[in-house]
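The data block below is input-v1.pdb; it holds PDB, C-alpha atoms.
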```
MODEL        1
ATOM      1  CA  MET A  13       0.000   0.000   0.000
ATOM      2  CA  LYS A  14       1.007   3.576  -0.614
ATOM      3  CA  PHE A  15      -0.221   6.324   1.700
ATOM      4  CA  ALA A  16      -0.695  10.063   1.309
ATOM      5  CA  VAL A  17       0.024  12.091   4.440
ATOM      6  CA  ILE A  18      -1.948  15.291   3.952
ATOM      7  CA  VAL A  19      -0.158  18.480   5.023
ATOM      8  CA  PHE A  20      -2.147  21.632   5.766
ATOM      9  CA  PRO A  21      -0.746  25.009   6.816
ATOM     10  CA  GLY A  22      -0.226  24.442  10.535
ATOM     11  CA  SER A  23       0.059  20.647  10.485
ATOM     12  CA  ASN A  24       2.767  19.643  12.949
ATOM     13  CA  CYS A  25       2.423  15.871  13.320
ATOM     14  CA  ASP A  26       2.869  15.032   9.648
ATOM     15  CA  ALA A  27       6.451  13.817  10.177
ATOM     16  CA  ASP A  28       5.265  11.543  12.989
ATOM     17  CA  LEU A  29       2.692   9.868  10.736
ATOM     18  CA  LEU A  30       5.100   9.499   7.841
ATOM     19  CA  TRP A  31       7.727   7.957  10.121
ATOM     20  CA  ALA A  32       5.218   5.544  11.677
ATOM     21  CA  ILE A  33       3.736   4.183   8.460
ATOM     22  CA  ARG A  34       6.902   4.276   6.324
ATOM     23  CA  ASP A  35       9.929   3.857   8.534
ATOM     24  CA  VAL A  36       8.428   1.625  11.233
ATOM     25  CA  MET A  37       5.750  -0.301   9.330
ATOM     26  CA  GLY A  38       7.517  -0.402   5.954
ATOM     27  CA  ALA A  39       4.715   0.943   3.747
ATOM     28  CA  GLU A  40       5.248   3.519   1.016
ATOM     29  CA  ALA A  41       4.183   7.043   1.929
ATOM     30  CA  ASP A  42       4.569  10.626   0.742
ATOM     31  CA  TYR A  43       3.555  14.079   1.893
ATOM     32  CA  VAL A  44       0.706  15.556  -0.159
ATOM     33  CA  ARG A  45      -0.023  19.274   0.146
ATOM     34  CA  TYR A  46      -3.454  20.659   0.928
ATOM     35  CA  ASP A  47      -3.598  22.462  -2.445
ATOM     36  CA  GLU A  48      -3.000  19.368  -4.585
ATOM     37  CA  SER A  49      -5.956  18.119  -6.606
ATOM     38  CA  SER A  50      -5.126  14.444  -7.131
ATOM     39  CA  LEU A  51      -4.429  11.373  -5.030
ATOM     40  CA  GLU A  52      -3.774   9.160  -8.019
ATOM     41  CA  GLY A  53      -1.461   6.286  -7.165
ATOM     42  CA  TYR A  54      -2.294   6.246  -3.447
ATOM     43  CA  ASP A  55      -4.186   3.555  -1.575
ATOM     44  CA  GLY A  56      -4.865   5.316   1.708
ATOM     45  CA  VAL A  57      -4.962   8.735   3.334
ATOM     46  CA  LEU A  58      -3.557   9.829   6.700
ATOM     47  CA  ILE A  59      -4.473  13.226   8.148
ATOM     48  CA  PRO A  60      -2.137  14.401  10.929
ATOM     49  CA  GLY A  61      -2.568  16.475  14.038
ATOM     50  CA  GLY A  62      -1.583  20.096  14.437
ATOM     51  CA  PHE A  63      -3.378  23.390  13.936
ATOM     52  CA  SER A  64      -4.591  23.456  10.338
ATOM     53  CA  TYR A  65      -4.909  27.085   9.288
ATOM     54  CA  GLY A  66      -4.176  28.022  12.897
ATOM     55  CA  ASP A  67      -7.635  26.798  14.003
ATOM     56  CA  TYR A  68      -8.723  30.383  13.447
ATOM     57  CA  LEU A  69     -12.392  29.567  12.837
ATOM     58  CA  ARG A  70     -13.102  26.127  14.291
ATOM     59  CA  CYS A  71     -10.612  23.313  14.375
ATOM     60  CA  GLY A  72     -10.579  21.770  10.895
ATOM     61  CA  ALA A  73     -13.270  24.084   9.528
ATOM     62  CA  ILE A  74     -11.048  25.871   7.020
ATOM     63  CA  ALA A  75      -9.013  22.786   6.120
ATOM     64  CA  ARG A  76     -12.253  21.092   5.123
ATOM     65  CA  PHE A  77     -12.446  23.426   2.096
ATOM     66  CA  SER A  78      -8.898  22.757   0.883
ATOM     67  CA  THR A  79      -8.593  21.457  -2.668
ATOM     68  CA  ILE A  80      -7.316  18.035  -1.593
ATOM     69  CA  MET A  81     -10.407  17.321   0.495
ATOM     70  CA  ASP A  82     -12.530  16.592  -2.571
ATOM     71  CA  GLU A  83     -10.121  13.751  -3.289
ATOM     72  CA  VAL A  84     -10.169  12.596   0.325
ATOM     73  CA  ILE A  85     -13.970  12.451   0.198
ATOM     74  CA  ARG A  86     -13.783  10.475  -3.042
ATOM     75  CA  PHE A  87     -11.361   8.054  -1.397
ATOM     76  CA  ALA A  88     -13.749   7.529   1.485
ATOM     77  CA  GLU A  89     -16.708   6.959  -0.820
ATOM     78  CA  GLU A  90     -14.689   4.331  -2.704
ATOM     79  CA  GLY A  91     -14.108   2.396   0.507
ATOM     80  CA  LYS A  92     -10.408   3.174   0.807
ATOM     81  CA  PRO A  93      -8.940   3.799   4.263
ATOM     82  CA  VAL A  94      -8.898   7.341   5.593
ATOM     83  CA  PHE A  95      -7.446   7.974   9.042
ATOM     84  CA  GLY A  96      -7.310  11.232  10.972
ATOM     85  CA  THR A  97      -5.711  11.788  14.363
ATOM     86  CA  CYS A  98      -6.279  14.811  16.633
ATOM     87  CA  ASN A  99      -6.672  17.768  14.239
ATOM     88  CA  GLY A 100      -7.214  15.160  11.529
ATOM     89  CA  PHE A 101     -10.247  13.880  13.461
ATOM     90  CA  GLN A 102     -11.568  17.436  13.592
ATOM     91  CA  VAL A 103     -11.077  17.822   9.827
ATOM     92  CA  LEU A 104     -13.008  14.596   9.172
ATOM     93  CA  THR A 105     -15.991  15.736  11.245
ATOM     94  CA  GLU A 106     -16.003  19.159   9.582
ATOM     95  CA  ALA A 107     -15.935  17.449   6.176
ATOM     96  CA  GLY A 108     -18.956  15.337   7.090
ATOM     97  CA  LEU A 109     -17.012  12.087   6.783
ATOM     98  CA  LEU A 110     -17.636  11.356  10.465
ATOM     99  CA  PRO A 111     -20.621  12.368  12.624
ATOM    100  CA  GLY A 112     -20.434  14.695  15.587
ATOM    101  CA  VAL A 113     -18.161  17.575  16.519
ATOM    102  CA  LEU A 114     -15.098  18.230  18.683
ATOM    103  CA  ARG A 115     -15.458  20.903  21.353
ATOM    104  CA  ARG A 116     -13.157  22.513  23.917
ATOM    105  CA  ASN A 117     -12.028  20.171  26.657
ATOM    106  CA  ASP A 118     -14.372  20.506  29.618
ATOM    107  CA  SER A 119     -11.410  21.708  31.696
ATOM    108  CA  LEU A 120     -10.825  24.466  29.103
ATOM    109  CA  ARG A 121      -7.154  23.487  29.250
ATOM    110  CA  PHE A 122      -4.786  21.839  26.789
ATOM    111  CA  ILE A 123      -4.137  18.195  27.743
ATOM    112  CA  CYS A 124      -0.804  16.518  27.040
ATOM    113  CA  LYS A 125      -0.438  13.130  28.735
ATOM    114  CA  SER A 126      -0.710   9.386  28.263
ATOM    115  CA  ALA A 127      -4.282   8.102  28.219
ATOM    116  CA  SER A 128      -5.750   4.673  28.898
ATOM    117  CA  LEU A 129      -8.041   3.488  26.110
ATOM    118  CA  LYS A 130     -10.316   0.489  25.789
ATOM    119  CA  VAL A 131     -10.199  -0.970  22.273
ATOM    120  CA  ASN A 132     -13.074  -2.355  20.252
ATOM    121  CA  ASN A 133     -11.154  -4.869  18.142
ATOM    122  CA  GLN A 134     -14.085  -5.649  15.844
ATOM    123  CA  THR A 135     -12.982  -3.138  13.207
ATOM    124  CA  SER A 136     -10.536  -3.128  10.314
ATOM    125  CA  PHE A 137      -8.349  -0.614  12.150
ATOM    126  CA  THR A 138      -8.057  -2.586  15.395
ATOM    127  CA  SER A 139      -8.234  -6.313  14.609
ATOM    128  CA  GLU A 140      -4.697  -6.962  15.872
ATOM    129  CA  TYR A 141      -5.657  -5.966  19.427
ATOM    130  CA  ASP A 142      -7.251  -8.316  21.948
ATOM    131  CA  LYS A 143     -10.926  -8.006  22.819
ATOM    132  CA  ASN A 144     -11.501  -5.076  25.187
ATOM    133  CA  GLU A 145      -7.750  -4.592  25.537
ATOM    134  CA  VAL A 146      -6.698  -1.466  27.422
ATOM    135  CA  ILE A 147      -3.789   0.339  25.769
ATOM    136  CA  GLN A 148      -1.755   3.479  26.399
ATOM    137  CA  LEU A 149      -1.576   6.237  23.791
ATOM    138  CA  PRO A 150      -0.513   9.880  24.171
ATOM    139  CA  VAL A 151      -2.947  12.745  23.731
ATOM    140  CA  ALA A 152      -2.198  16.410  23.015
ATOM    141  CA  HIS A 153      -5.263  18.533  22.393
ATOM    142  CA  GLY A 154      -7.328  21.467  23.551
ATOM    143  CA  GLU A 155     -10.496  20.607  21.601
ATOM    144  CA  GLY A 156     -10.890  16.856  22.031
ATOM    145  CA  ASN A 157     -14.300  16.803  23.679
ATOM    146  CA  TYR A 158     -16.363  14.655  21.302
ATOM    147  CA  PHE A 159     -20.048  15.546  21.177
ATOM    148  CA  CYS A 160     -23.080  14.245  19.299
ATOM    149  CA  ASP A 161     -26.802  14.142  19.993
ATOM    150  CA  GLU A 162     -28.522  11.130  21.559
ATOM    151  CA  GLU A 163     -29.807   9.818  18.240
ATOM    152  CA  THR A 164     -26.344   9.893  16.681
ATOM    153  CA  LEU A 165     -24.827   8.242  19.758
ATOM    154  CA  GLN A 166     -27.326   5.402  19.519
ATOM    155  CA  GLU A 167     -26.470   4.961  15.851
ATOM    156  CA  LEU A 168     -22.774   4.802  16.710
ATOM    157  CA  ILE A 169     -23.511   2.111  19.270
ATOM    158  CA  ASP A 170     -25.877   0.144  17.041
ATOM    159  CA  ASN A 171     -23.464   0.201  14.088
ATOM    160  CA  ASN A 172     -20.379  -0.674  16.154
ATOM    161  CA  GLN A 173     -18.719   2.607  15.194
ATOM    162  CA  ILE A 174     -17.184   3.436  18.578
ATOM    163  CA  VAL A 175     -13.602   2.167  18.360
ATOM    164  CA  PHE A 176     -11.748   3.743  21.292
ATOM    165  CA  THR A 177     -13.090   4.902  24.652
ATOM    166  CA  TYR A 178     -11.261   6.557  27.519
ATOM    167  CA  GLU A 179     -10.802   4.057  30.341
ATOM    168  CA  GLY A 180     -10.739   5.124  33.974
ATOM    169  CA  GLU A 181     -10.663   8.876  33.339
ATOM    170  CA  ASN A 182     -12.708  10.757  30.765
ATOM    171  CA  ILE A 183      -9.952  13.280  30.209
ATOM    172  CA  ASN A 184     -11.849  15.829  28.105
ATOM    173  CA  GLY A 185     -15.561  15.316  28.803
ATOM    174  CA  SER A 186     -16.398  13.404  25.625
ATOM    175  CA  VAL A 187     -19.862  11.899  25.297
ATOM    176  CA  ALA A 188     -19.798   8.227  26.342
ATOM    177  CA  ASN A 189     -16.003   8.475  26.913
ATOM    178  CA  ILE A 190     -15.511   8.416  23.124
ATOM    179  CA  ALA A 191     -11.926   8.756  21.904
ATOM    180  CA  GLY A 192     -12.338   7.445  18.341
ATOM    181  CA  ILE A 193     -15.051   6.438  15.879
ATOM    182  CA  THR A 194     -15.517   5.162  12.340
ATOM    183  CA  ASN A 195     -18.042   5.932   9.650
ATOM    184  CA  LYS A 196     -20.815   3.389   9.008
ATOM    185  CA  ALA A 197     -18.801   1.689   6.273
ATOM    186  CA  GLY A 198     -15.866   1.251   8.626
ATOM    187  CA  ASN A 199     -13.181   2.658   6.318
ATOM    188  CA  VAL A 200     -12.881   6.158   7.829
ATOM    189  CA  LEU A 201     -11.565   6.494  11.361
ATOM    190  CA  GLY A 202     -10.947   9.562  13.475
ATOM    191  CA  MET A 203      -9.448   9.588  16.953
ATOM    192  CA  MET A 204      -8.002  12.128  19.365
ATOM    193  CA  PRO A 205      -5.072  10.056  20.727
ATOM    194  CA  HIS A 206      -1.905   9.626  18.678
ATOM    195  CA  PRO A 207      -1.021   6.012  17.767
ATOM    196  CA  GLU A 208       1.855   7.313  15.628
ATOM    197  CA  ARG A 209       3.531   8.546  18.813
ATOM    198  CA  ALA A 210       3.411   5.090  20.425
ATOM    199  CA  MET A 211       5.586   3.067  18.078
ATOM    200  CA  GLU A 212       8.617   2.395  20.281
ATOM    201  CA  ALA A 213       9.143   1.439  23.926
ATOM    202  CA  LEU A 214      11.574   4.351  24.112
ATOM    203  CA  LEU A 215       8.597   6.675  23.579
ATOM    204  CA  GLY A 216       6.669   5.090  26.447
ATOM    205  CA  SER A 217       4.437   2.700  24.506
ATOM    206  CA  GLU A 218       4.407   0.444  21.460
ATOM    207  CA  ASP A 219       0.632   0.126  21.476
ATOM    208  CA  GLY A 220       0.267   2.162  18.287
ATOM    209  CA  LYS A 221       2.039  -0.417  16.136
ATOM    210  CA  ARG A 222      -0.890  -2.823  16.098
ATOM    211  CA  PHE A 223      -3.175  -0.031  14.932
ATOM    212  CA  PHE A 224      -1.138   0.409  11.765
ATOM    213  CA  ALA A 225      -0.618  -3.360  11.460
ATOM    214  CA  SER A 226      -4.405  -3.792  11.455
ATOM    215  CA  LEU A 227      -4.820  -1.111   8.800
ATOM    216  CA  LEU A 228      -2.208  -2.690   6.531
ATOM    217  CA  LYS A 229      -3.520  -6.220   7.019
ATOM    218  CA  ASN A 230      -7.196  -5.511   6.431
ATOM    219  CA  PHE A 231      -7.109  -2.789   3.794
ATOM    220  CA  GLY A 232      -4.108  -4.055   1.873
ATOM    221  CA  LYS A 233      -6.090  -6.849   0.293
ATOM    222  CA  VAL A 234      -8.914  -4.440  -0.559
ATOM    223  CA  THR A 235      -6.957  -1.636  -2.178
ATOM    224  CA  ALA A 236      -3.971  -3.492  -3.634
TER     225      ALA A 236
ENDMDL
END
```

Is it possible to give me this structure as structure tokens?
Amino acid sequence: MKFAVIVFPGSNCDADLLWAIRDVMGAEADYVRYDESSLEGYDGVLIPGGFSYGDYLRCGAIARFSTIMDEVIRFAEEGKPVFGTCNGFQVLTEAGLLPGVLRRNDSLRFICKSASLKVNNQTSFTSEYDKNEVIQLPVAHGEGNYFCDEETLQELIDNNQIVFTYEGENINGSVANIAGITNKAGNVLGMMPHPERAMEALLGSEDGKRFFASLLKNFGKVTA
């Protein structure tokens, strides 16, 4: 598989994603700028964290209108994998590829720490984890408070779209402890924590490796 790591003005975790998928996992990957109009030759899309366009309106709201997003939406509609972490999650909700919104943390403070997450391993992004496994991934966000209405929450539950939940401490006030969700088709995933920052024991956790291993295993045979 070959991945496009989308870079917006203000992205600051693009190098982390590229390193994780290319240097650690061995897949092909390139940076693709926000103003490009084609994703020809790529099999998957990764949207990094950061502060796209400085978050001057709402997080991800301006990035959603970048030229490359039409291609990202096409990718999603074709069933190819699209993954967004942190600011990338915010971009995906603003683009309508995932339901709900991300609001200010209920503490109104930026959170930078390791978080405990319970994993739903019944998805294409998490199949390499054990059932209900609790993992450690770092978070770094000020607007990670996931919110949706009761009807949408029930749909997420009924369709098995909730992939990661905060375990023990709901660090940002998210509805139902939600840390990551997929679309109904299961090929678009957004999450606040950073699996790309948990690829080596030296960094405090290797729990992110199985996330990318799941992605490569399950989508490789679909998009190859």

| request: Quick one: apply the PyMOL selection byres ((chain A and resi 39-51) around 10) to the file and drop the selected residues here as a VMD selection string. | output: chain A and resid 13 to 21 26 to 27 29 to 38 52 to 58 64 75 to 84 86 to 87 224 228

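Across A:Phe231, A:Lys196, A:Arg116, A:Ser226, the tightest approach to A:Ser139 is made by A:Ser226 when counting only C-alpha atoms.
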
| So, counting all atoms listed in the file, which residue among A:Lys92, A:Arg121, A:Arg115, A:Lys130 is closest to A:Gly180? | A:Lys130

| query | How many Å lie between atom CA of A:Gly100 and atom CA of A:Asp67, rounded to one decimal? | reply | 11.9 Å

| Selection dump of the PyMOL selection byres ((chain A and resi 144) around 9), as an MDAnalysis selection string | chainID A and resid 130:133 141:143 145:146

Work out where the centre of an axis-aligned box around every listed atom of stretch 141-154 of chain A lies and how long its edges are once 4 Å is added on each side; give both in Å to one decimal as AutoDock Vina command-line options.
```
--center_x -6.0 --center_y 6.6 --center_z 23.4 --size_x 19.0 --size_y 37.8 --size_z 16.0
```

| Residues returned when the PyMOL selection byres ((chain A and resi 204) around 7) runs on this file, as a PyMOL selection string | chain A and resi 97-98+101+151+156+191-192+203+205-206

How about saving the chosen residues, C-alpha atoms kept, as an mmCIF file, in the coordinates of the input?
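To be explicit, this is the file written out as selection.cif:
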```cif
data_model
loop_
_atom_site.group_PDB
_atom_site.id
_atom_site.type_symbol
_atom_site.label_atom_id
_atom_site.label_comp_id
_atom_site.auth_asym_id
_atom_site.auth_seq_id
_atom_site.Cartn_x
_atom_site.Cartn_y
_atom_site.Cartn_z
ATOM 1 C CA THR A 97 -5.711 11.788 14.363
ATOM 2 C CA CYS A 98 -6.279 14.811 16.633
ATOM 3 C CA PHE A 101 -10.247 13.880 13.461
ATOM 4 C CA VAL A 151 -2.947 12.745 23.731
ATOM 5 C CA GLY A 156 -10.890 16.856 22.031
ATOM 6 C CA ALA A 191 -11.926 8.756 21.904
ATOM 7 C CA GLY A 192 -12.338 7.445 18.341
ATOM 8 C CA MET A 203 -9.448 9.588 16.953
ATOM 9 C CA PRO A 205 -5.072 10.056 20.727
ATOM 10 C CA HIS A 206 -1.905 9.626 18.678
#
```

| said: When you count all atoms listed in the file, which of these residues is closest to A:Phe95: A:Ser126, A:Asn199, A:Asn189, A:Asn171? | reply: A:Asn199

| task | Check the smallest atom-to-atom distance from each of A:Cys71, A:Leu114, A:Leu215, A:Leu149 to A:Ile190 using all atoms listed in the file, then report the winner. | result |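 For A:Ile190, the nearest of the given residues is A:Leu114.
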
| Nearest to A:Gln166: which of A:Ile183, A:Ala188, A:Ile123, A:Ala152 is it, counting only C-alpha atoms? |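 Using only C-alpha atoms, A:Gln166 sits closest to A:Ala188.
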
| said: Counting all atoms listed in the file, which residue out of A:Gly220, A:Gly96, A:Pro150, A:Pro111 sits closest to A:Asn195? | reply: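 Going through A:Gly220, A:Gly96, A:Pro150, A:Pro111 one by one, the smallest distance to A:Asn195 is for A:Pro111.
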
| task | Go ahead and compute the interatomic distance for atom CA of A:Phe63 and atom CA of A:Asn99, in Å to one decimal. | result | 6.5 Å

| query | Which distance in Å separates atom CA of A:Val175 and atom CA of A:Gly154, to one decimal? | reply |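 Between these atoms lies a distance of 20.9 Å.
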